[in-house]
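Structure first, commentary second.
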Amino acid sequence: VSLERLTEMTATANVDGLTHAFNKRFVMQRLAEEIRRAQDENRSLAVFLFDIDHFKHYNDRNGHVAGDQVLRQLSRLVQENVRQDSLFGRFGGEEFVLILPGADKEKGLAAAENLRRLIAEHPFEFAADQPLGRVSVSGGVAACPDDATESSGLLRSADEALYAAKHAGRNRVLASVARYLGAEAQEPVEPVDFQVSDEPEAPSLLRGEEAATRRLERDTHDPDETTPLGSIRAVK
């Protein structure tokens, strides 16, 4: 096998065939590397974890071919509107992750909100038939070192904020709040919504641990959503 062919095969192995975003294996590998680099260079890193709202409804109503087209279009939209040094990947199903080296939580949240708005305003086919009247995403933003200093903890923080965004009405992004504010603070704190959503505000957000439990229940019982990344909690 030639070096050129080997390079091509390696690149193909790192990419999701449907969306042409990086695949989960490669993203996890790079996330660990980027966290180590951020620590070595004493800089921050943000992660935006998000999924498509009511995607099962979209597939059931319009068919999987149309659903695949939404995934491809969304992936292209994201890749055309992020920094060159960022890394965008598909974790499975309708769930995606964006790694933003050098970004703190505020900058990560701003980037996430920009993408949320772009997606909500994009003219996806059959968007008007969705429960929210559009194809939209909900997501959570976490940062290193504020929320965690290793991959699984960082993704878990983003995942809990993502679920809180679902609970708060969908079509929004939330920032995770550092679980412990100091040695004396022993209670987990709530994710915080820093953006104004297009949708009505829901009563309250869930605390981190309750969010994790409720999201697991939703993955198992709620027919409205599918979350292939529920398995993210098993990542070490």
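Residues in the structure tokens are numbered from 1 in each chain, the chains being A, B, ... in the order shown, and ligands are numbered from 1 in the order shown.
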Those of segment 16-54 of chain A in DSSP helix (DSSP H, G or I), formatted as a PyMOL selection string = chain A and resi 24-40
task = Show which residues sit within 9 Å of segment 42-50 of chain A, as a PyMOL selection string. Count only C-alpha atoms, and ignore same-chain residues fewer than 4 positions away.
result = chain A and resi 34-35+37-38+94-109+111-112+137-146+154-155+158-159+161-162+173
task = Find, counting only C-alpha atoms, the residue in A:Gln79, A:Phe55, A:Arg72, A:Arg116 that gets nearest to Asp16 of chain A.
result = A:Arg72
request  = Pull the strand (DSSP E) assignments for segment 62-151 of chain A out of DSSP run on the backbone, and list those residues as a PyMOL selection string.
outcome  = chain A and resi 87-92+95-101+137-144
key: Atomic distance atom CA of Met28 of chain A - atom CA of His122 of chain A, expressed in Å with one decimal   =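 For atom CA of Met28 of chain A relative to atom CA of His122 of chain A, the distance reads 28.8 Å.
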inquiry  = What's the separation between atom CA of Ser176 of chain A and atom CA of Asn114 of chain A, in Å to one decimal place?
reply    = 17.4 Å
